[in-house]
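A.B. asks: Structure supplied as my_file_23.cif; contents: mmCIF, C-alpha atoms and all ligand atoms.
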data_run
#
loop_
_atom_site.label_atom_id
_atom_site.label_comp_id
_atom_site.auth_asym_id
_atom_site.auth_seq_id
_atom_site.Cartn_x
_atom_site.Cartn_y
_atom_site.Cartn_z
CA MET A 11 0.00 0.00 0.00
CA ALA A 12 1.22 3.48 -0.79
CA ARG A 13 2.53 5.30 2.26
CA ASP A 14 2.01 9.01 2.59
CA ILE A 15 5.42 10.35 3.30
CA GLN A 16 4.03 13.63 4.61
CA ASP A 17 3.28 11.71 7.79
CA ASP A 18 6.68 10.27 8.51
CA ARG A 19 9.25 12.60 6.99
CA PRO A 20 11.27 14.86 9.25
CA ALA A 21 9.43 18.20 9.40
CA THR A 22 12.48 20.06 8.11
CA GLY A 23 13.68 17.61 5.46
CA PRO A 24 13.68 18.25 1.72
CA LYS A 25 10.58 16.98 0.00
CA HIS A 26 12.08 17.24 -3.47
CA VAL A 27 15.76 16.54 -4.20
CA ALA A 28 17.20 17.11 -7.67
CA ILE A 29 20.53 15.55 -8.63
CA ILE A 30 23.11 16.37 -11.29
CA MET A 31 24.82 12.99 -11.59
CA ASP A 32 28.30 14.03 -12.66
CA GLY A 33 31.63 12.23 -12.74
CA ASN A 34 30.87 8.93 -14.50
CA GLY A 35 33.52 9.56 -17.15
CA ARG A 36 36.27 10.39 -14.65
CA TRP A 37 35.30 7.43 -12.47
CA ALA A 38 35.79 5.12 -15.46
CA GLN A 39 38.99 6.84 -16.61
CA ASN A 40 40.45 6.47 -13.09
CA ARG A 41 40.05 2.73 -13.63
CA GLY A 42 41.46 2.76 -17.14
CA ARG A 43 38.04 1.92 -18.57
CA PRO A 44 35.91 3.57 -21.28
CA ARG A 45 33.51 6.32 -20.26
CA LEU A 46 30.48 4.12 -20.87
CA PHE A 47 31.67 1.79 -18.13
CA GLY A 48 31.19 4.74 -15.77
CA HIS A 49 27.70 5.44 -17.08
CA HIS A 50 26.70 1.83 -16.45
CA ALA A 51 28.05 2.03 -12.90
CA GLY A 52 26.17 5.33 -12.51
CA ALA A 53 22.91 3.78 -13.66
CA ARG A 54 23.22 1.13 -10.93
CA ARG A 55 23.41 3.88 -8.29
CA VAL A 56 20.07 5.30 -9.35
CA ARG A 57 18.13 2.42 -7.85
CA GLU A 58 19.96 2.65 -4.51
CA ILE A 59 19.18 6.36 -4.23
CA VAL A 60 15.52 5.97 -5.22
CA GLU A 61 15.09 3.15 -2.70
CA ALA A 62 16.59 5.29 0.05
CA CYS A 63 14.04 8.10 -0.47
CA PRO A 64 11.02 6.88 1.53
CA ASP A 65 12.96 6.44 4.78
CA LEU A 66 14.57 9.83 4.34
CA GLY A 67 11.23 11.50 3.78
CA VAL A 68 12.10 12.44 0.20
CA LYS A 69 8.94 12.24 -1.85
CA TYR A 70 10.34 13.52 -5.16
CA VAL A 71 13.71 12.85 -6.72
CA THR A 72 14.65 14.30 -10.10
CA ILE A 73 17.80 13.16 -11.89
CA PHE A 74 19.67 14.71 -14.82
CA ALA A 75 20.33 11.79 -17.16
CA PHE A 76 20.96 13.54 -20.48
CA SER A 77 21.12 17.24 -21.28
CA THR A 78 20.30 19.11 -24.47
CA GLU A 79 24.07 19.77 -24.66
CA ASN A 80 25.09 16.11 -24.26
CA TRP A 81 24.49 15.48 -28.00
CA LYS A 82 27.86 17.17 -28.52
CA ARG A 83 29.66 14.15 -27.05
CA THR A 84 31.16 11.54 -29.36
CA GLN A 85 28.76 9.47 -31.40
CA THR A 86 29.92 6.36 -29.52
CA GLU A 87 29.12 7.87 -26.14
CA VAL A 88 25.72 9.25 -27.22
CA ALA A 89 24.72 5.94 -28.82
CA GLY A 90 25.93 4.04 -25.73
CA LEU A 91 23.91 6.29 -23.42
CA MET A 92 20.77 5.92 -25.54
CA LYS A 93 21.19 2.14 -25.46
CA LEU A 94 21.65 2.33 -21.70
CA PHE A 95 18.38 4.28 -21.31
CA HIS A 96 16.51 1.68 -23.42
CA ARG A 97 17.96 -1.09 -21.32
CA TYR A 98 17.37 0.68 -18.03
CA ILE A 99 13.71 1.30 -18.75
CA THR A 100 13.13 -2.25 -20.02
CA ARG A 101 14.91 -3.96 -17.14
CA GLU A 102 13.92 -1.74 -14.24
CA ALA A 103 10.25 -1.21 -15.13
CA ARG A 104 8.90 -4.10 -13.05
CA ASP A 105 10.98 -3.30 -9.95
CA LEU A 106 10.16 0.39 -10.11
CA PHE A 107 6.48 -0.51 -10.30
CA ASP A 108 6.74 -2.99 -7.40
CA GLU A 109 8.62 -0.46 -5.28
CA GLY A 110 5.75 2.01 -5.61
CA VAL A 111 7.80 4.43 -7.71
CA ARG A 112 6.00 6.77 -10.07
CA VAL A 113 8.27 7.56 -13.01
CA ARG A 114 8.01 10.68 -15.14
CA PHE A 115 10.26 12.06 -17.85
CA ILE A 116 11.00 15.70 -18.55
CA GLY A 117 12.80 17.17 -21.55
CA ASP A 118 12.12 17.41 -25.26
CA ARG A 119 11.17 14.03 -26.71
CA VAL A 120 11.23 15.17 -30.32
CA LYS A 121 14.92 14.37 -30.81
CA LEU A 122 14.73 10.94 -29.12
CA ASP A 123 14.13 7.78 -31.11
CA GLU A 124 10.59 6.51 -31.39
CA LYS A 125 11.23 3.23 -29.61
CA LEU A 126 12.76 5.00 -26.62
CA VAL A 127 9.85 7.44 -26.46
CA SER A 128 7.33 4.61 -26.48
CA LEU A 129 9.22 2.86 -23.65
CA MET A 130 9.14 6.13 -21.71
CA ASP A 131 5.40 6.52 -22.31
CA GLU A 132 4.75 2.92 -21.24
CA LEU A 133 6.75 3.30 -18.03
CA GLU A 134 4.93 6.53 -17.16
CA LEU A 135 1.61 4.81 -17.72
CA LEU A 136 2.57 1.63 -15.87
CA THR A 137 3.62 3.56 -12.77
CA SER A 138 0.98 6.29 -12.91
CA GLY A 139 -0.95 4.85 -9.96
CA ASN A 140 2.12 4.82 -7.66
CA SER A 141 2.87 7.49 -5.11
CA ARG A 142 5.48 6.20 -2.68
CA VAL A 143 8.33 8.00 -4.48
CA ASN A 144 8.19 10.21 -7.56
CA LEU A 145 11.21 9.68 -9.80
CA THR A 146 11.59 12.20 -12.59
CA ILE A 147 14.22 11.49 -15.22
CA ALA A 148 15.44 14.47 -17.23
CA LEU A 149 16.26 13.17 -20.71
CA ASN A 150 17.22 15.58 -23.48
CA TYR A 151 16.48 18.27 -20.92
CA GLY A 152 17.79 21.82 -20.71
CA GLY A 153 16.35 24.59 -18.55
CA ARG A 154 16.57 27.20 -21.31
CA ASP A 155 15.08 24.79 -23.83
CA GLU A 156 12.21 24.03 -21.43
CA LEU A 157 11.54 27.75 -20.87
CA THR A 158 11.69 28.42 -24.61
CA ARG A 159 9.19 25.62 -25.33
CA ALA A 160 6.94 26.93 -22.55
CA ALA A 161 7.08 30.48 -23.95
CA LYS A 162 6.24 29.18 -27.41
CA ARG A 163 3.21 27.28 -26.15
CA LEU A 164 2.07 30.29 -24.16
CA ALA A 165 2.40 32.47 -27.27
CA TYR A 166 0.37 29.92 -29.20
CA GLU A 167 -2.42 30.07 -26.59
CA ILE A 168 -2.44 33.86 -26.91
CA GLU A 169 -2.50 33.71 -30.72
CA ALA A 170 -5.39 31.26 -30.51
CA GLY A 171 -7.26 33.72 -28.28
CA ARG A 172 -7.46 31.40 -25.27
CA LEU A 173 -5.20 33.66 -23.16
CA THR A 174 -4.23 37.33 -23.30
CA HIS A 175 -0.98 39.05 -22.31
CA LYS A 176 -2.67 39.95 -19.02
CA ASP A 177 -2.72 36.25 -18.08
CA VAL A 178 1.07 35.99 -18.30
CA ASP A 179 2.51 35.76 -14.80
CA ALA A 180 4.89 33.38 -13.05
CA GLU A 181 2.11 31.01 -12.07
CA THR A 182 0.76 30.73 -15.62
CA LEU A 183 4.20 30.32 -17.16
CA ALA A 184 5.01 27.53 -14.68
CA LYS A 185 1.96 25.62 -15.92
CA PHE A 186 3.63 25.31 -19.33
CA LEU A 187 6.87 23.86 -17.96
CA ASP A 188 7.64 20.13 -18.19
CA THR A 189 7.62 20.06 -14.39
CA HIS A 190 4.13 21.58 -14.00
CA VAL A 191 2.93 18.72 -11.78
CA LEU A 192 5.99 18.73 -9.52
CA PRO A 193 6.83 20.91 -6.53
CA ASP A 194 10.02 22.99 -6.85
CA PRO A 195 13.17 21.24 -5.67
CA ASP A 196 14.24 22.06 -2.12
CA LEU A 197 17.74 20.69 -2.52
CA VAL A 198 19.92 20.33 -5.63
CA ILE A 199 22.96 18.07 -5.37
CA ARG A 200 25.79 17.99 -7.88
CA THR A 201 28.45 15.34 -7.60
CA SER A 202 32.07 15.33 -8.84
CA GLY A 203 33.34 18.64 -7.49
CA GLU A 204 31.99 20.98 -10.16
CA ALA A 205 30.07 23.98 -8.78
CA ARG A 206 27.79 24.67 -11.76
CA ILE A 207 24.12 24.13 -12.41
CA SER A 208 24.55 23.39 -16.12
CA ASN A 209 21.10 24.45 -17.29
CA PHE A 210 19.26 22.14 -14.85
CA LEU A 211 15.85 23.22 -13.50
CA LEU A 212 16.73 26.93 -13.85
CA TRP A 213 13.27 28.25 -13.07
CA GLN A 214 12.35 25.64 -10.50
CA SER A 215 15.52 25.99 -8.39
CA ALA A 216 15.14 29.71 -7.70
CA TYR A 217 15.01 29.10 -3.94
CA ALA A 218 16.67 25.69 -3.71
CA GLU A 219 19.64 24.94 -1.49
CA TYR A 220 22.68 23.56 -3.30
CA GLU A 221 25.19 20.90 -2.30
CA PHE A 222 28.27 20.50 -4.47
CA ILE A 223 30.22 17.47 -3.35
CA ASP A 224 33.46 15.89 -4.57
CA THR A 225 32.17 12.31 -4.74
CA LEU A 226 31.93 10.99 -8.30
CA TRP A 227 28.41 9.79 -9.15
CA PRO A 228 29.19 6.03 -9.27
CA ASP A 229 30.53 6.35 -5.69
CA PHE A 230 27.44 8.22 -4.45
CA THR A 231 25.96 5.81 -1.92
CA ALA A 232 22.67 5.93 -0.02
CA GLU A 233 24.75 6.89 3.05
CA VAL A 234 26.25 9.94 1.34
CA PHE A 235 22.76 10.88 0.16
CA ALA A 236 21.35 10.51 3.68
CA GLY A 237 24.09 12.79 5.04
CA LEU A 238 23.18 15.55 2.59
CA VAL A 239 19.47 15.19 3.29
CA GLN A 240 20.17 15.47 7.01
CA ASN A 241 22.42 18.54 6.49
CA TYR A 242 19.55 20.23 4.74
CA GLY A 243 17.42 19.86 7.86
CA ALA A 244 19.89 22.09 9.70
CA ARG A 245 19.55 24.96 7.21
CA ASP A 246 17.32 27.97 7.51
CA ARG A 247 15.38 28.81 4.33
CA ARG A 248 13.62 32.15 4.23
CA PHE A 249 12.58 32.48 0.54
CA GLY A 250 13.71 36.11 0.52
CA ALA A 251 11.79 37.02 3.67
CA VAL A 252 13.16 38.07 7.06
CA LYS A 253 13.15 35.51 9.86
CA ALA A 254 10.03 35.84 12.03
C1 LIG A 301 27.76 12.94 -16.31
O1 LIG A 301 29.01 12.34 -16.13
C2 LIG A 301 26.75 11.95 -16.56
C3 LIG A 301 25.96 11.89 -17.68
C4 LIG A 301 26.01 12.83 -18.78
C5 LIG A 301 25.00 10.82 -17.83
C6 LIG A 301 24.20 10.48 -16.62
C7 LIG A 301 23.71 9.14 -16.80
C8 LIG A 301 23.71 8.18 -15.87
C9 LIG A 301 24.10 8.30 -14.47
C10 LIG A 301 23.32 6.86 -16.27
C11 LIG A 301 22.00 6.47 -16.43
C12 LIG A 301 20.83 7.08 -15.81
C13 LIG A 301 19.67 6.44 -15.92
C14 LIG A 301 18.41 7.03 -15.51
C15 LIG A 301 19.62 5.10 -16.49
P1 LIG A 301 30.15 12.76 -17.10
O2 LIG A 301 30.14 11.82 -18.24
O3 LIG A 301 30.00 14.19 -17.49
O4 LIG A 301 31.41 12.57 -16.23
P2 LIG A 301 32.75 13.40 -16.31
O5 LIG A 301 32.43 14.81 -15.93
O6 LIG A 301 33.63 12.72 -15.31
O7 LIG A 301 33.27 13.27 -17.71
#
Using the file provided, produce a representation of the structure as structure tokens.

C.D. replies:
Amino acid sequence: MARDIQDDRPATGPKHVAIIMDGNGRWAQNRGRPRLFGHHAGARRVREIVEACPDLGVKYVTIFAFSTENWKRTQTEVAGLMKLFHRYITREARDLFDEGVRVRFIGDRVKLDEKLVSLMDELELLTSGNSRVNLTIALNYGGRDELTRAAKRLAYEIEAGRLTHKDVDAETLAKFLDTHVLPDPDLVIRTSGEARISNFLLWQSAYAEYEFIDTLWPDFTAEVFAGLVQNYGARDRRFGAVKA
């Protein structure tokens, strides 16, 4: 039965954690192996982190699997990653369903191959009744691309006469984003020592806390994750206001 995490999560914990999974390539290179070896090791970590969420009170986890800029990598790496996504969805679907995970994808699907898109659609449908953890996978995602697509759709609604310029405010714009059904992330983690956000959830992370840690993604264990979630509880978020 689905558990409502609102009841058992620490009052101060992050409800939504977003993760930039960086460092797979370096992890593999440190072992004298090809970059794809690192991506495979990274994919195995995803399950461990998702499984850790309920006990940590994390209801939403959003992971950056492939950016709109990642197409610039070598053809071998891009093809290997696409194959990995096919395989991941095919092999993990049943377990994700059984674990009560609801899977969603964000990003532009137009550039992805048809077979992959249909696997993504099927997994979303299969898990649509789950609510224990919400896993969102960003695939061919870029924050600027998402905002541009949202602006285009908003313009279309105005052209069609269903909205006017007076309707355009932050709340309306957010409804056109890929993430419209998700709460904003409370905590954004980036692994591998880089302190950049790389076009990830630009709009949604306006008030998020950030954790940049040196650990390479394939070494990111549930314990490391738990430590960061607990750290967050000690922080004081004011959303621009003054403390009462
Ligand atoms: C960044 O490491 C990682 C990626 C671009 C791919 C992320 C993909 C995974 C973790 C695997 C699969 C995920 C799912 C959902 C199956 P990098 O290659 O930039 O590493 P580097 O900075 O060390 O080169």

A.B. asks: Determine the nearest neighbour of Pro195 of chain A from the options A:Ser208, A:Lys125, A:Ser215, A:Gly139, counting all atoms listed in the file.

C.D. replies: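 Residue with the minimum atom-to-atom distance to Pro195 of chain A: A:Ser215.
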
A.B. asks: So, counting all atoms listed in the file, which residue among A:Phe210, A:Tyr70, A:Tyr98, A:Tyr166 is closest to Arg142 of chain A?

C.D. replies: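 Answer, going by the shortest atom-to-atom distance: A:Tyr70.
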
A.B. asks: Could you list, as a compact mmCIF listing (two decimals) with C-alpha atoms, in the frame of the given file, all protein and nucleic acid residues with an atom at most 8 Å from ligand LIG 301 (chain A), counting all atoms listed in the file?

C.D. replies:
# COMPACT_ATOMS: atom_id res chain seq x y z
CA ILE A 30 23.11 16.37 -11.29
CA MET A 31 24.82 12.99 -11.59
CA ASP A 32 28.30 14.03 -12.66
CA GLY A 33 31.63 12.23 -12.74
CA ASN A 34 30.87 8.93 -14.50
CA GLY A 35 33.52 9.56 -17.15
CA ARG A 36 36.27 10.39 -14.65
CA TRP A 37 35.30 7.43 -12.47
CA ALA A 38 35.79 5.12 -15.46
CA ARG A 45 33.51 6.32 -20.26
CA GLY A 48 31.19 4.74 -15.77
CA HIS A 49 27.70 5.44 -17.08
CA HIS A 50 26.70 1.83 -16.45
CA ALA A 51 28.05 2.03 -12.90
CA GLY A 52 26.17 5.33 -12.51
CA ALA A 53 22.91 3.78 -13.66
CA ARG A 54 23.22 1.13 -10.93
CA ARG A 55 23.41 3.88 -8.29
CA VAL A 56 20.07 5.30 -9.35
CA ILE A 73 17.80 13.16 -11.89
CA PHE A 74 19.67 14.71 -14.82
CA ALA A 75 20.33 11.79 -17.16
CA PHE A 76 20.96 13.54 -20.48
CA SER A 77 21.12 17.24 -21.28
CA ASN A 80 25.09 16.11 -24.26
CA LEU A 91 23.91 6.29 -23.42
CA LEU A 94 21.65 2.33 -21.70
CA PHE A 95 18.38 4.28 -21.31
CA TYR A 98 17.37 0.68 -18.03
CA ILE A 99 13.71 1.30 -18.75
CA ILE A 147 14.22 11.49 -15.22
CA SER A 202 32.07 15.33 -8.84
CA LEU A 226 31.93 10.99 -8.30
CA TRP A 227 28.41 9.79 -9.15
CA PRO A 228 29.19 6.03 -9.27

A.B. asks: Which one of A:Ile199, A:Leu192, A:Ile59, A:Ala236 sits closest to Val27 of chain A if you count only C-alpha atoms?

C.D. replies: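 Closest candidate: A:Ile199.
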
A.B. asks: Just checking: using only C-alpha atoms, which residue out of A:Ile116, A:Ala165, A:Ser141, A:Thr146 ends up closest to Val178 of chain A?

C.D. replies: A:Ala165

A.B. asks: Would you be able to write out as a ChimeraX atom specification which residues have an atom within 12 Å of (9.0, -2.9, -6.9) in the file's coordinates, counting all atoms listed in the file?

C.D. replies: /A:11-12,57,60-61,101-112,136-137,140,142-143

A.B. asks: Let's have the selection written as a PDB file, keeping the file's coordinate frame, with C-alpha atoms.

C.D. replies:
ATOM      1  CA  MET A  11       0.000   0.000   0.000  1.00  0.00           C
ATOM      2  CA  ALA A  12       1.220   3.480  -0.790  1.00  0.00           C
ATOM      3  CA  ARG A  57      18.130   2.420  -7.850  1.00  0.00           C
ATOM      4  CA  VAL A  60      15.520   5.970  -5.220  1.00  0.00           C
ATOM      5  CA  GLU A  61      15.090   3.150  -2.700  1.00  0.00           C
ATOM      6  CA  ARG A 101      14.910  -3.960 -17.140  1.00  0.00           C
ATOM      7  CA  GLU A 102      13.920  -1.740 -14.240  1.00  0.00           C
ATOM      8  CA  ALA A 103      10.250  -1.210 -15.130  1.00  0.00           C
ATOM      9  CA  ARG A 104       8.900  -4.100 -13.050  1.00  0.00           C
ATOM     10  CA  ASP A 105      10.980  -3.300  -9.950  1.00  0.00           C
ATOM     11  CA  LEU A 106      10.160   0.390 -10.110  1.00  0.00           C
ATOM     12  CA  PHE A 107       6.480  -0.510 -10.300  1.00  0.00           C
ATOM     13  CA  ASP A 108       6.740  -2.990  -7.400  1.00  0.00           C
ATOM     14  CA  GLU A 109       8.620  -0.460  -5.280  1.00  0.00           C
ATOM     15  CA  GLY A 110       5.750   2.010  -5.610  1.00  0.00           C
ATOM     16  CA  VAL A 111       7.800   4.430  -7.710  1.00  0.00           C
ATOM     17  CA  ARG A 112       6.000   6.770 -10.070  1.00  0.00           C
ATOM     18  CA  LEU A 136       2.570   1.630 -15.870  1.00  0.00           C
ATOM     19  CA  THR A 137       3.620   3.560 -12.770  1.00  0.00           C
ATOM     20  CA  ASN A 140       2.120   4.820  -7.660  1.00  0.00           C
ATOM     21  CA  ARG A 142       5.480   6.200  -2.680  1.00  0.00           C
ATOM     22  CA  VAL A 143       8.330   8.000  -4.480  1.00  0.00           C
TER      23      VAL A 143
END

A.B. asks: Counting all atoms listed in the file, write as a list of chain:residue names all protein and nucleic acid residues lying at most 12 Å from (9.1, 30.1, -24.0) in the file's frame.

C.D. replies: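 All residues meeting the 12 Å criterion around (9.1, 30.1, -24.0) are A:Gly153, A:Arg154, A:Asp155, A:Glu156, A:Leu157, A:Thr158, A:Arg159, A:Ala160, A:Ala161, A:Lys162, A:Arg163, A:Leu164, A:Ala165, A:Tyr166, A:Glu167, A:Val178, A:Thr182, A:Leu183, A:Ala184, A:Lys185, A:Phe186, A:Leu187, A:Asp188, A:Trp213.
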
A.B. asks: Those residues with C-alpha atoms, as a compact mmCIF listing (two decimals), in the frame of the given file please?

C.D. replies:
# COMPACT_ATOMS: atom_id res chain seq x y z
CA GLY A 153 16.35 24.59 -18.55
CA ARG A 154 16.57 27.20 -21.31
CA ASP A 155 15.08 24.79 -23.83
CA GLU A 156 12.21 24.03 -21.43
CA LEU A 157 11.54 27.75 -20.87
CA THR A 158 11.69 28.42 -24.61
CA ARG A 159 9.19 25.62 -25.33
CA ALA A 160 6.94 26.93 -22.55
CA ALA A 161 7.08 30.48 -23.95
CA LYS A 162 6.24 29.18 -27.41
CA ARG A 163 3.21 27.28 -26.15
CA LEU A 164 2.07 30.29 -24.16
CA ALA A 165 2.40 32.47 -27.27
CA TYR A 166 0.37 29.92 -29.20
CA GLU A 167 -2.42 30.07 -26.59
CA VAL A 178 1.07 35.99 -18.30
CA THR A 182 0.76 30.73 -15.62
CA LEU A 183 4.20 30.32 -17.16
CA ALA A 184 5.01 27.53 -14.68
CA LYS A 185 1.96 25.62 -15.92
CA PHE A 186 3.63 25.31 -19.33
CA LEU A 187 6.87 23.86 -17.96
CA ASP A 188 7.64 20.13 -18.19
CA TRP A 213 13.27 28.25 -13.07

A.B. asks: Interatomic distance between atom CA of Glu219 of chain A and atom CA of Glu134 of chain A?

C.D. replies: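 Between atom CA of Glu219 of chain A and atom CA of Glu134 of chain A the gap works out to 28.3 Å.
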
A.B. asks: Restricting the calculation to all atoms listed in the file: of A:Val113, A:His96, A:Ala62, A:Arg200, which residue gets closest to Val127 of chain A?

C.D. replies: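 Smallest distance to Val127 of chain A is found for A:His96.
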
A.B. asks: Residues near Arg119 of chain A, anyone? I mean within 8 Å using all atoms listed in the file, not counting same-chain ones fewer than 2 positions away, as a ChimeraX atom specification.

C.D. replies: /A:117,121-122,127,149-150

A.B. asks: Store the residues picked out above in a file with C-alpha atoms, as a short mmCIF file (atom, residue, chain, number, x, y, z; two decimals), keeping the file's coordinate frame.

C.D. replies:
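The new file result_28.cif reads:
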data_model
loop_
_atom_site.label_atom_id
_atom_site.label_comp_id
_atom_site.auth_asym_id
_atom_site.auth_seq_id
_atom_site.Cartn_x
_atom_site.Cartn_y
_atom_site.Cartn_z
CA GLY A 117 12.80 17.17 -21.55
CA LYS A 121 14.92 14.37 -30.81
CA LEU A 122 14.73 10.94 -29.12
CA VAL A 127 9.85 7.44 -26.46
CA LEU A 149 16.26 13.17 -20.71
CA ASN A 150 17.22 15.58 -23.48
#

A.B. asks: Do you have the atom CA of Ala251 of chain A-atom CA of Ile29 of chain A distance handy?

C.D. replies: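 These atoms are spaced 26.2 Å apart.
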
A.B. asks: Point out the residue among A:Phe115, A:Phe230, A:Tyr151, A:Phe47 with the least atom-to-atom distance to Trp81 of chain A, counting all atoms listed in the file.

C.D. replies: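 Closest residue, counting all atoms listed in the file: A:Tyr151.
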
A.B. asks: How would segment 45-52 of chain A look with all heavy atoms restored, written as a PDB file, in the frame of the given file?

C.D. replies:
ATOM      1  N   ARG A  45      34.476   5.478 -20.965  1.00  0.00           N
ATOM      2  CA  ARG A  45      33.510   6.320 -20.260  1.00  0.00           C
ATOM      3  C   ARG A  45      32.166   5.611 -20.024  1.00  0.00           C
ATOM      4  O   ARG A  45      31.533   5.785 -18.992  1.00  0.00           O
ATOM      5  CB  ARG A  45      33.275   7.615 -21.048  1.00  0.00           C
ATOM      6  CG  ARG A  45      34.518   8.473 -21.193  1.00  0.00           C
ATOM      7  CD  ARG A  45      34.246   9.687 -22.062  1.00  0.00           C
ATOM      8  NE  ARG A  45      33.129  10.460 -21.540  1.00  0.00           N
ATOM      9  CZ  ARG A  45      33.197  11.323 -20.534  1.00  0.00           C
ATOM     10  NH1 ARG A  45      34.356  11.549 -19.949  1.00  0.00           N
ATOM     11  NH2 ARG A  45      32.131  11.964 -20.129  1.00  0.00           N
ATOM     12  N   LEU A  46      31.776   4.797 -21.005  1.00  0.00           N
ATOM     13  CA  LEU A  46      30.480   4.120 -20.870  1.00  0.00           C
ATOM     14  C   LEU A  46      30.430   3.173 -19.665  1.00  0.00           C
ATOM     15  O   LEU A  46      29.371   2.950 -19.081  1.00  0.00           O
ATOM     16  CB  LEU A  46      30.116   3.376 -22.146  1.00  0.00           C
ATOM     17  CG  LEU A  46      29.463   4.278 -23.210  1.00  0.00           C
ATOM     18  CD1 LEU A  46      29.438   3.580 -24.566  1.00  0.00           C
ATOM     19  CD2 LEU A  46      28.041   4.685 -22.791  1.00  0.00           C
ATOM     20  N   PHE A  47      31.585   2.644 -19.310  1.00  0.00           N
ATOM     21  CA  PHE A  47      31.670   1.790 -18.130  1.00  0.00           C
ATOM     22  C   PHE A  47      31.219   2.591 -16.898  1.00  0.00           C
ATOM     23  O   PHE A  47      30.505   2.090 -16.025  1.00  0.00           O
ATOM     24  CB  PHE A  47      33.124   1.314 -17.978  1.00  0.00           C
ATOM     25  CG  PHE A  47      33.373   0.405 -16.819  1.00  0.00           C
ATOM     26  CD1 PHE A  47      32.901  -0.899 -16.827  1.00  0.00           C
ATOM     27  CD2 PHE A  47      34.105   0.843 -15.709  1.00  0.00           C
ATOM     28  CE1 PHE A  47      33.148  -1.750 -15.743  1.00  0.00           C
ATOM     29  CE2 PHE A  47      34.349   0.013 -14.637  1.00  0.00           C
ATOM     30  CZ  PHE A  47      33.871  -1.289 -14.655  1.00  0.00           C
ATOM     31  N   GLY A  48      31.604   3.846 -16.868  1.00  0.00           N
ATOM     32  CA  GLY A  48      31.190   4.740 -15.770  1.00  0.00           C
ATOM     33  C   GLY A  48      29.694   5.015 -15.800  1.00  0.00           C
ATOM     34  O   GLY A  48      29.041   5.067 -14.757  1.00  0.00           O
ATOM     35  N   HIS A  49      29.142   5.188 -16.990  1.00  0.00           N
ATOM     36  CA  HIS A  49      27.700   5.440 -17.080  1.00  0.00           C
ATOM     37  C   HIS A  49      26.893   4.231 -16.592  1.00  0.00           C
ATOM     38  O   HIS A  49      25.862   4.379 -15.933  1.00  0.00           O
ATOM     39  CB  HIS A  49      27.297   5.793 -18.518  1.00  0.00           C
ATOM     40  CG  HIS A  49      27.884   7.099 -18.988  1.00  0.00           C
ATOM     41  ND1 HIS A  49      27.873   8.236 -18.218  1.00  0.00           N
ATOM     42  CD2 HIS A  49      28.504   7.455 -20.157  1.00  0.00           C
ATOM     43  CE1 HIS A  49      28.457   9.227 -18.880  1.00  0.00           C
ATOM     44  NE2 HIS A  49      28.846   8.779 -20.057  1.00  0.00           N
ATOM     45  N   HIS A  50      27.390   3.038 -16.920  1.00  0.00           N
ATOM     46  CA  HIS A  50      26.700   1.830 -16.450  1.00  0.00           C
ATOM     47  C   HIS A  50      26.750   1.740 -14.924  1.00  0.00           C
ATOM     48  O   HIS A  50      25.757   1.403 -14.278  1.00  0.00           O
ATOM     49  CB  HIS A  50      27.285   0.572 -17.107  1.00  0.00           C
ATOM     50  CG  HIS A  50      26.793   0.391 -18.513  1.00  0.00           C
ATOM     51  ND1 HIS A  50      25.692  -0.380 -18.820  1.00  0.00           N
ATOM     52  CD2 HIS A  50      27.206   0.926 -19.686  1.00  0.00           C
ATOM     53  CE1 HIS A  50      25.457  -0.323 -20.118  1.00  0.00           C
ATOM     54  NE2 HIS A  50      26.362   0.458 -20.676  1.00  0.00           N
ATOM     55  N   ALA A  51      27.922   2.056 -14.362  1.00  0.00           N
ATOM     56  CA  ALA A  51      28.050   2.030 -12.900  1.00  0.00           C
ATOM     57  C   ALA A  51      27.128   3.100 -12.301  1.00  0.00           C
ATOM     58  O   ALA A  51      26.483   2.886 -11.262  1.00  0.00           O
ATOM     59  CB  ALA A  51      29.502   2.284 -12.499  1.00  0.00           C
ATOM     60  N   GLY A  52      27.035   4.234 -12.968  1.00  0.00           N
ATOM     61  CA  GLY A  52      26.170   5.330 -12.510  1.00  0.00           C
ATOM     62  C   GLY A  52      24.708   4.932 -12.523  1.00  0.00           C
ATOM     63  O   GLY A  52      23.947   5.266 -11.608  1.00  0.00           O
TER      64      GLY A  52
END
